[in-house]
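Text of the file run.cif, holding mmCIF, C-alpha atoms and all ligand atoms:
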data_final
#
loop_
_atom_site.label_atom_id
_atom_site.label_comp_id
_atom_site.auth_asym_id
_atom_site.auth_seq_id
_atom_site.Cartn_x
_atom_site.Cartn_y
_atom_site.Cartn_z
CA MET A 1 -16.79 -10.30 -9.73
CA LYS A 2 -13.31 -10.20 -8.24
CA ASN A 3 -12.50 -10.65 -4.55
CA ILE A 4 -10.05 -7.96 -3.48
CA VAL A 5 -8.32 -7.61 -0.09
CA ILE A 6 -7.00 -4.18 0.86
CA THR A 7 -4.98 -3.76 4.03
CA GLY A 8 -5.27 -0.29 5.53
CA GLY A 9 -8.33 0.28 3.35
CA SER A 10 -10.17 2.33 5.95
CA LYS A 11 -8.33 5.68 5.69
CA GLY A 12 -6.50 7.96 3.28
CA LEU A 13 -5.25 6.32 0.09
CA GLY A 14 -6.73 2.95 1.05
CA VAL A 15 -10.33 4.11 1.26
CA GLU A 16 -10.08 5.53 -2.27
CA GLN A 17 -8.80 2.13 -3.44
CA VAL A 18 -11.92 0.60 -1.89
CA ARG A 19 -14.11 3.02 -3.87
CA ARG A 20 -12.19 2.29 -7.11
CA PHE A 21 -12.55 -1.50 -6.81
CA LEU A 22 -16.23 -1.24 -5.82
CA GLU A 23 -16.86 0.87 -8.93
CA ALA A 24 -15.33 -1.98 -10.96
CA GLY A 25 -17.82 -4.41 -9.41
CA SER A 26 -15.44 -6.13 -6.99
CA LYS A 27 -16.20 -7.45 -3.53
CA VAL A 28 -13.75 -5.78 -1.15
CA TYR A 29 -12.33 -7.02 2.15
CA VAL A 30 -10.71 -4.31 4.28
CA VAL A 31 -8.16 -5.33 6.90
CA ALA A 32 -7.24 -2.49 9.26
CA ASN A 33 -6.93 -1.52 12.90
CA MET A 34 -9.77 1.02 12.72
CA ARG A 35 -13.03 1.48 10.78
CA GLY A 36 -11.85 4.97 9.88
CA ASP A 37 -13.90 6.39 6.99
CA LEU A 38 -15.47 3.08 5.98
CA ASP A 39 -18.94 4.11 7.17
CA GLU A 40 -19.02 6.66 4.33
CA ILE A 41 -18.68 3.82 1.81
CA ASP A 42 -21.75 2.30 0.25
CA GLY A 43 -21.03 -1.12 -1.27
CA ASP A 44 -19.99 -4.72 -0.86
CA VAL A 45 -17.30 -4.26 1.81
CA VAL A 46 -16.37 -6.66 4.59
CA TYR A 47 -14.30 -5.15 7.42
CA LYS A 48 -11.85 -7.28 9.41
CA GLU A 49 -10.38 -5.55 12.42
CA THR A 50 -6.75 -6.67 12.68
CA ASP A 51 -3.56 -5.33 14.23
CA LEU A 52 -0.94 -5.98 11.57
CA SER A 53 1.87 -5.15 13.98
CA ASN A 54 1.37 -8.79 15.06
CA TRP A 55 2.97 -9.39 11.71
CA SER A 56 3.38 -13.17 11.69
CA ASP A 57 -0.35 -13.77 12.34
CA THR A 58 -1.93 -14.17 8.90
CA SER A 59 -5.15 -15.74 10.15
CA TRP A 60 -7.06 -12.73 8.68
CA LEU A 61 -5.99 -13.78 5.18
CA GLU A 62 -6.80 -17.42 5.79
CA GLU A 63 -10.27 -16.45 7.12
CA ILE A 64 -10.99 -14.29 4.08
CA HIS A 65 -9.81 -17.07 1.77
CA ALA A 66 -12.11 -19.53 3.52
CA GLU A 67 -15.02 -17.09 3.19
CA CYS A 68 -14.65 -16.18 -0.49
CA GLY A 69 -12.91 -19.26 -1.95
CA HIS A 70 -10.33 -17.35 -4.00
CA ILE A 71 -8.58 -14.00 -3.49
CA ASP A 72 -8.08 -12.40 -6.91
CA GLY A 73 -6.20 -9.35 -5.68
CA LEU A 74 -4.30 -8.40 -2.53
CA VAL A 75 -3.24 -4.79 -1.96
CA ASN A 76 -0.71 -4.51 0.86
CA ASN A 77 -1.37 -0.84 1.57
CA ALA A 78 -1.32 -0.53 5.38
CA GLY A 79 1.61 1.50 6.55
CA MET A 80 2.89 4.05 9.00
CA HIS A 81 5.28 6.97 8.66
CA LEU A 82 7.91 8.06 11.20
CA LYS A 83 9.39 11.52 10.80
CA LYS A 84 12.77 11.13 12.48
CA ALA A 85 16.46 11.11 11.55
CA MET A 86 18.19 7.75 11.95
CA TRP A 87 19.97 8.71 15.18
CA ASP A 88 16.72 9.67 16.89
CA VAL A 89 14.80 6.46 16.11
CA GLU A 90 14.08 4.36 19.23
CA PRO A 91 14.38 0.56 18.92
CA ALA A 92 10.66 0.09 19.61
CA GLU A 93 9.80 2.65 16.91
CA LEU A 94 11.97 0.87 14.34
CA ASP A 95 10.35 -2.45 15.24
CA LEU A 96 6.86 -0.99 14.78
CA VAL A 97 7.62 0.64 11.41
CA LEU A 98 9.22 -2.56 10.09
CA ASN A 99 6.54 -4.83 11.55
CA ILE A 100 3.68 -2.95 9.85
CA ASN A 101 5.29 -1.76 6.60
CA VAL A 102 7.53 -4.72 5.85
CA LYS A 103 7.06 -7.89 7.91
CA ALA A 104 3.24 -7.96 7.75
CA MET A 105 3.52 -7.58 3.95
CA PHE A 106 6.19 -10.30 3.74
CA ALA A 107 4.00 -12.65 5.78
CA ALA A 108 0.85 -11.85 3.77
CA CYS A 109 2.59 -12.48 0.43
CA GLY A 110 3.90 -15.83 1.67
CA ALA A 111 0.54 -16.82 3.12
CA LEU A 112 -1.28 -16.04 -0.14
CA VAL A 113 1.14 -18.24 -2.10
CA ARG A 114 0.61 -21.11 0.35
CA LEU A 115 -3.18 -20.70 0.05
CA GLN A 116 -3.41 -20.36 -3.73
CA LYS A 117 -0.35 -21.86 -5.40
CA ASP A 118 -2.40 -24.84 -6.53
CA SER A 119 -5.40 -22.79 -7.63
CA GLY A 120 -4.08 -20.31 -10.18
CA GLY A 121 -2.25 -17.71 -8.06
CA GLY A 122 -3.43 -14.09 -7.93
CA ALA A 123 -2.34 -10.48 -8.30
CA ILE A 124 -0.60 -8.52 -5.55
CA VAL A 125 0.24 -4.83 -5.31
CA ASN A 126 2.57 -3.69 -2.53
CA ILE A 127 2.55 -0.01 -1.62
CA SER A 128 6.00 1.49 -1.40
CA SER A 129 6.68 5.22 -1.77
CA MET A 130 9.03 7.63 -3.46
CA GLY A 131 10.93 6.88 -0.24
CA GLY A 132 11.57 3.43 -1.75
CA LEU A 133 13.26 5.01 -4.75
CA MET A 134 15.22 7.86 -3.18
CA GLY A 135 16.34 9.28 0.14
CA LEU A 136 13.92 11.52 2.05
CA GLN A 137 15.01 13.83 4.84
CA THR A 138 14.29 12.74 8.43
CA ALA A 139 12.48 9.58 7.43
CA ALA A 140 15.18 6.91 7.92
CA ALA A 141 12.99 4.09 9.25
CA TYR A 142 10.29 4.80 6.65
CA VAL A 143 12.78 4.93 3.76
CA THR A 144 14.36 1.68 5.00
CA ALA A 145 10.93 0.04 5.13
CA LYS A 146 9.73 1.29 1.76
CA THR A 147 12.98 0.13 0.11
CA ALA A 148 12.45 -3.33 1.63
CA VAL A 149 8.97 -3.38 0.09
CA LEU A 150 10.65 -3.45 -3.32
CA GLY A 151 12.75 -6.44 -2.22
CA ILE A 152 9.63 -8.33 -1.20
CA THR A 153 8.00 -7.42 -4.52
CA ARG A 154 10.92 -8.59 -6.65
CA SER A 155 11.34 -11.82 -4.65
CA MET A 156 7.67 -12.63 -5.06
CA ALA A 157 7.80 -11.70 -8.75
CA VAL A 158 10.51 -14.27 -9.47
CA ASP A 159 9.57 -17.01 -6.98
CA ALA A 160 5.78 -17.03 -7.25
CA ALA A 161 5.29 -16.31 -10.97
CA PRO A 162 5.44 -20.03 -11.89
CA PHE A 163 2.32 -20.52 -9.71
CA GLY A 164 0.36 -17.78 -11.50
CA PHE A 165 1.11 -14.84 -9.22
CA ARG A 166 1.99 -11.33 -10.37
CA THR A 167 3.45 -8.98 -7.78
CA ASN A 168 4.08 -5.31 -8.42
CA ALA A 169 4.76 -2.22 -6.31
CA VAL A 170 3.36 1.29 -6.53
CA CYS A 171 5.45 4.22 -5.31
CA PRO A 172 3.23 7.25 -4.64
CA GLY A 173 4.89 10.65 -4.59
CA PHE A 174 3.37 13.77 -3.02
CA ILE A 175 -0.35 13.11 -2.76
CA ASP A 176 -3.05 15.44 -1.44
CA THR A 177 -4.40 13.58 1.57
CA ASP A 178 -5.75 14.86 4.89
CA MET A 179 -2.34 14.19 6.40
CA THR A 180 -0.28 16.12 3.82
CA ARG A 181 -2.85 18.94 3.79
CA ALA A 182 -2.69 19.24 7.58
CA ILE A 183 1.11 19.41 7.54
CA LEU A 184 1.44 21.82 4.61
CA GLU A 185 -1.39 24.17 5.63
CA LYS A 186 0.91 25.19 8.48
CA ASP A 187 3.80 25.68 6.04
CA PRO A 188 2.47 27.00 2.69
CA ALA A 189 5.97 27.99 1.53
CA ARG A 190 7.02 24.35 1.71
CA ARG A 191 4.11 23.34 -0.49
CA VAL A 192 5.16 25.89 -3.13
CA LYS A 193 8.75 24.60 -2.91
CA ILE A 194 7.67 20.97 -3.37
CA GLU A 195 5.40 21.84 -6.30
CA GLY A 196 8.36 23.57 -7.92
CA ARG A 197 10.30 20.29 -7.67
CA ILE A 198 7.58 18.16 -9.29
CA PRO A 199 8.10 18.14 -13.07
CA GLY A 200 4.32 17.97 -13.55
CA GLY A 201 3.94 20.90 -11.12
CA LYS A 202 1.24 19.53 -8.82
CA PHE A 203 0.43 17.03 -6.09
CA GLY A 204 -1.37 13.84 -7.01
CA THR A 205 -4.76 12.64 -5.79
CA ALA A 206 -5.72 9.46 -3.98
CA ARG A 207 -7.64 8.57 -7.16
CA ASN A 208 -4.42 8.75 -9.23
CA VAL A 209 -2.89 6.13 -6.93
CA ALA A 210 -6.03 3.97 -6.82
CA ASN A 211 -6.22 3.93 -10.64
CA ALA A 212 -2.62 2.67 -10.90
CA ILE A 213 -3.28 -0.07 -8.33
CA HIS A 214 -6.51 -1.08 -10.04
CA PHE A 215 -4.70 -1.38 -13.38
CA LEU A 216 -1.88 -3.52 -11.93
CA ILE A 217 -4.35 -5.88 -10.28
CA SER A 218 -6.51 -6.10 -13.41
CA ASP A 219 -6.08 -8.59 -16.24
CA GLU A 220 -4.99 -5.68 -18.46
CA ALA A 221 -1.65 -5.91 -16.64
CA GLU A 222 -1.35 -9.68 -17.19
CA HIS A 223 2.22 -9.35 -18.57
CA ILE A 224 3.47 -6.95 -15.87
CA ASN A 225 5.31 -8.54 -12.95
CA GLY A 226 7.91 -7.13 -10.56
CA VAL A 227 7.75 -3.44 -11.44
CA ALA A 228 8.00 -0.50 -9.03
CA LEU A 229 5.63 2.03 -10.60
CA PRO A 230 6.09 5.64 -9.48
CA VAL A 231 2.85 7.64 -9.30
CA ASP A 232 4.53 10.97 -8.70
CA ASN A 233 4.17 13.19 -11.77
CA GLY A 234 7.87 12.70 -12.52
CA PHE A 235 9.25 13.64 -9.08
CA SER A 236 11.57 10.61 -8.72
CA ILE A 237 13.20 10.97 -12.14
CA GLY A 238 14.78 14.29 -11.14
CA PHE A 239 14.46 17.81 -12.51
N1 LIG B 301 -0.30 9.59 1.88
C1 LIG B 301 0.73 9.72 1.05
O1 LIG B 301 0.97 10.80 0.50
C2 LIG B 301 1.62 8.52 0.74
C3 LIG B 301 2.71 8.67 -0.09
C4 LIG B 301 3.51 7.55 -0.37
C5 LIG B 301 3.20 6.32 0.17
N2 LIG B 301 2.13 6.20 1.00
C6 LIG B 301 1.83 4.87 1.54
O2 LIG B 301 0.48 4.56 1.22
C7 LIG B 301 -0.08 3.75 2.25
C8 LIG B 301 -1.33 4.41 2.79
O3 LIG B 301 -0.98 5.68 3.32
P1 LIG B 301 -2.06 6.70 3.89
O4 LIG B 301 -1.46 8.05 3.87
O5 LIG B 301 -3.37 6.47 3.22
O6 LIG B 301 -2.13 6.20 5.42
P2 LIG B 301 -3.24 6.52 6.54
O7 LIG B 301 -2.47 6.79 7.79
O8 LIG B 301 -4.22 7.55 6.09
O9 LIG B 301 -4.01 5.13 6.70
C9 LIG B 301 -3.30 4.01 7.14
C10 LIG B 301 -4.17 2.78 7.08
O10 LIG B 301 -3.38 1.69 7.54
C11 LIG B 301 -4.04 1.08 8.65
N3 LIG B 301 -3.06 0.66 9.65
C12 LIG B 301 -2.05 1.39 10.19
N4 LIG B 301 -1.43 0.67 11.14
C13 LIG B 301 -2.06 -0.54 11.20
C14 LIG B 301 -1.90 -1.69 12.00
N5 LIG B 301 -0.99 -1.77 12.97
N6 LIG B 301 -2.74 -2.72 11.79
C15 LIG B 301 -3.70 -2.67 10.83
N7 LIG B 301 -3.90 -1.58 10.07
C16 LIG B 301 -3.09 -0.54 10.25
C17 LIG B 301 -4.98 2.12 9.22
O11 LIG B 301 -6.08 1.52 9.89
C18 LIG B 301 -5.41 2.87 7.96
O12 LIG B 301 -6.49 2.19 7.35
C19 LIG B 301 1.01 3.58 3.29
O13 LIG B 301 1.71 2.38 3.05
C20 LIG B 301 1.91 4.78 3.05
O14 LIG B 301 3.22 4.56 3.49
C21 LIG B 301 1.34 7.28 1.31
#
Written as structure tokens, that's how I'd like the structure from this file.
Ligand SMILES: NC(=O)c1ccc[n+]([C@@H]2O[C@H](COP(=O)([O-])OP(=O)(O)OC[C@H]3O[C@@H](n4cnc5c(N)ncnc54)[C@H](O)[C@@H]3O)[C@@H](O)[C@H]2O)c1
Amino acid sequence: MKNIVITGGSKGLGVEQVRRFLEAGSKVYVVANMRGDLDEIDGDVVYKETDLSNWSDTSWLEEIHAECGHIDGLVNNAGMHLKKAMWDVEPAELDLVLNINVKAMFAACGALVRLQKDSGGGAIVNISSMGGLMGLQTAAAYVTAKTAVLGITRSMAVDAAPFGFRTNAVCPGFIDTDMTRAILEKDPARRVKIEGRIPGGKFGTARNVANAIHFLISDEAEHINGVALPVDNGFSIGF
């Protein structure tokens, strides 16, 4: 049985990751600032309420490590979006987006290396976005953050590999979640326009993303380190 930590595993894409790892027989630790949809989950899940905007505090990871002995997989999934052009972003908003999406991930990666560099390492998946691969309109802080996620991933991939760590990123494209459904139900024409831009012609599912993450954490991906894997049905390669 593998011990898997998923930040932001209580809502949206994260809760589907929890289901995917439970199906594979893992024990799952969820680190988030709300229980969200976790009560719907039946399985071996431990919930740790944590505000990751206090980014330098990695005591949650140290506590989990002490509890389980070895963390086999860490999915840095917690994140927040900010729909604003660069010139409208307030300093406090930029701080919050970077603290949650970037600095908390940076700190967690470093903390896991310190905890496990003498005990075989581990596998990490950092959640970026198509916004890490290309510009998105009115999402300057988010695009900045998701691009930085790829910098963290590559730095970890080269620095921590000698200690047995593999670090990869997943870049989800347009995914059918409650959030995207709520936005696009009010604007069905936009949904049709986006689908016309996706080479594969349709939005992805949370399960599509969870499957990619599960693969990258698994031993089947033992020779994969430092990639940014788009899960976007071809959106980021152009049309
Ligand atoms: N939904 C999409 O279509 C999509 C597309 C590309 C990338 N992503 C990325 O995937 C990840 C998950 O997105 P989602 O849509 O499922 O998000 P969501 O808003 O549905 O859930 C966010 C999760 O992060 C946690 N979280 C947020 N702020 C936190 C904080 N300060 N402290 C601790 N936990 C916090 C929440 O508790 C929740 O569990 C994010 O990194 C997001 O940027 C999502």
Shell around region 150-160 of chain A at 8 Å using only C-alpha atoms, local window under 3 positions removed, as an mmCIF file with C-alpha atoms, keeping the file's coordinate frame:
data_model
loop_
_atom_site.group_PDB
_atom_site.id
_atom_site.type_symbol
_atom_site.label_atom_id
_atom_site.label_comp_id
_atom_site.auth_asym_id
_atom_site.auth_seq_id
_atom_site.Cartn_x
_atom_site.Cartn_y
_atom_site.Cartn_z
ATOM 1 C CA PHE A 106 6.190 -10.300 3.740
ATOM 2 C CA CYS A 109 2.590 -12.480 0.430
ATOM 3 C CA VAL A 113 1.140 -18.240 -2.100
ATOM 4 C CA ASN A 126 2.570 -3.690 -2.530
ATOM 5 C CA SER A 128 6.000 1.490 -1.400
ATOM 6 C CA GLY A 132 11.570 3.430 -1.750
ATOM 7 C CA LYS A 146 9.730 1.290 1.760
ATOM 8 C CA THR A 147 12.980 0.130 0.110
ATOM 9 C CA PHE A 163 2.320 -20.520 -9.710
ATOM 10 C CA GLY A 164 0.360 -17.780 -11.500
ATOM 11 C CA PHE A 165 1.110 -14.840 -9.220
ATOM 12 C CA ARG A 166 1.990 -11.330 -10.370
ATOM 13 C CA THR A 167 3.450 -8.980 -7.780
ATOM 14 C CA ASN A 168 4.080 -5.310 -8.420
ATOM 15 C CA ALA A 169 4.760 -2.220 -6.310
ATOM 16 C CA ASN A 225 5.310 -8.540 -12.950
ATOM 17 C CA GLY A 226 7.910 -7.130 -10.560
ATOM 18 C CA VAL A 227 7.750 -3.440 -11.440
ATOM 19 C CA ALA A 228 8.000 -0.500 -9.030
#
Checklist entry - ligand LIG 301 (chain B): which residues are within 6 Å, counting all atoms listed in the file, as a PyMOL selection string? => result chain A and resi 8-14+32-34+50-53+77-80+100+127-129+172-175+177
Selection: 8 Å around His81 (chain A), all atoms listed in the file, excl. self and same-chain fewer than 3 positions, as a short mmCIF file (atom, residue, chain, number, x, y, z; two decimals) with C-alpha atoms, in the coordinates of the input:
data_model
loop_
_atom_site.label_atom_id
_atom_site.label_comp_id
_atom_site.auth_asym_id
_atom_site.auth_seq_id
_atom_site.Cartn_x
_atom_site.Cartn_y
_atom_site.Cartn_z
CA VAL A 97 7.62 0.64 11.41
CA ALA A 139 12.48 9.58 7.43
CA TYR A 142 10.29 4.80 6.65
#
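For the choices A:Phe215, A:Ala104, A:His65, A:Glu90, the atom-to-atom distance to Thr7 (chain A) is smallest for A:Ala104 when using all atoms listed in the file.
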Checklist outcome for this item: A straight line from CA of Glu93 (chain A) to CA of Val209 (chain A) spans 27.2 Å
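Of the listed residues A:Ile224, A:Met179, A:Ile4, A:Val143, the one whose atoms come nearest to Ala161 (chain A) is A:Ile224, with distances taken using all atoms listed in the file.
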Next on the checklist: Between A:Ile183, A:Leu115, A:Ala140, A:Met130, which residue has the minimum interatomic distance to Glu63 (chain A), considering all atoms listed in the file?
Outcome noted: A:Leu115
Checklist entry - Distance CA of Cys171 (chain A)-CA of Leu229 (chain A), one decimal place? => result 5.7 Å
Spatial neighbours of Phe203 (chain A), 12 Å, all atoms listed in the file, chain gap at least 5 places, as a PDB file with C-alpha atoms, keeping the file's coordinate frame:
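Final file, around.pdb:
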ATOM      1  CA  PRO A 172       3.230   7.250  -4.640  1.00  0.00           C
ATOM      2  CA  GLY A 173       4.890  10.650  -4.590  1.00  0.00           C
ATOM      3  CA  PHE A 174       3.370  13.770  -3.020  1.00  0.00           C
ATOM      4  CA  ILE A 175      -0.350  13.110  -2.760  1.00  0.00           C
ATOM      5  CA  ASP A 176      -3.050  15.440  -1.440  1.00  0.00           C
ATOM      6  CA  THR A 177      -4.400  13.580   1.570  1.00  0.00           C
ATOM      7  CA  THR A 180      -0.280  16.120   3.820  1.00  0.00           C
ATOM      8  CA  ARG A 181      -2.850  18.940   3.790  1.00  0.00           C
ATOM      9  CA  LEU A 184       1.440  21.820   4.610  1.00  0.00           C
ATOM     10  CA  ARG A 191       4.110  23.340  -0.490  1.00  0.00           C
ATOM     11  CA  VAL A 192       5.160  25.890  -3.130  1.00  0.00           C
ATOM     12  CA  LYS A 193       8.750  24.600  -2.910  1.00  0.00           C
ATOM     13  CA  ILE A 194       7.670  20.970  -3.370  1.00  0.00           C
ATOM     14  CA  GLU A 195       5.400  21.840  -6.300  1.00  0.00           C
ATOM     15  CA  GLY A 196       8.360  23.570  -7.920  1.00  0.00           C
ATOM     16  CA  ARG A 197      10.300  20.290  -7.670  1.00  0.00           C
ATOM     17  CA  ILE A 198       7.580  18.160  -9.290  1.00  0.00           C
ATOM     18  CA  ASN A 208      -4.420   8.750  -9.230  1.00  0.00           C
ATOM     19  CA  VAL A 209      -2.890   6.130  -6.930  1.00  0.00           C
ATOM     20  CA  VAL A 231       2.850   7.640  -9.300  1.00  0.00           C
ATOM     21  CA  ASP A 232       4.530  10.970  -8.700  1.00  0.00           C
ATOM     22  CA  ASN A 233       4.170  13.190 -11.770  1.00  0.00           C
ATOM     23  CA  GLY A 234       7.870  12.700 -12.520  1.00  0.00           C
ATOM     24  CA  PHE A 235       9.250  13.640  -9.080  1.00  0.00           C
TER      25      PHE A 235
END
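Using only C-alpha atoms, the nearest neighbour of Arg20 (chain A) within the list A:Asn101, A:Asn211, A:Asn54, A:Asn3 is A:Asn211.
If all atoms listed in the file are the atoms counted, then among A:Val89, A:Trp60, A:Glu16, A:Phe239 the closest residue to Ala212 (chain A) is A:Glu16.
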Checklist outcome for this item: For His214 (chain A), the closest of A:Val30, A:Ile41, A:Ile71, A:Val18 counting all atoms listed in the file is A:Val18
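The space separating CA of Gly110 (chain A) from CA of Gly135 (chain A) comes to 28.1 Å.
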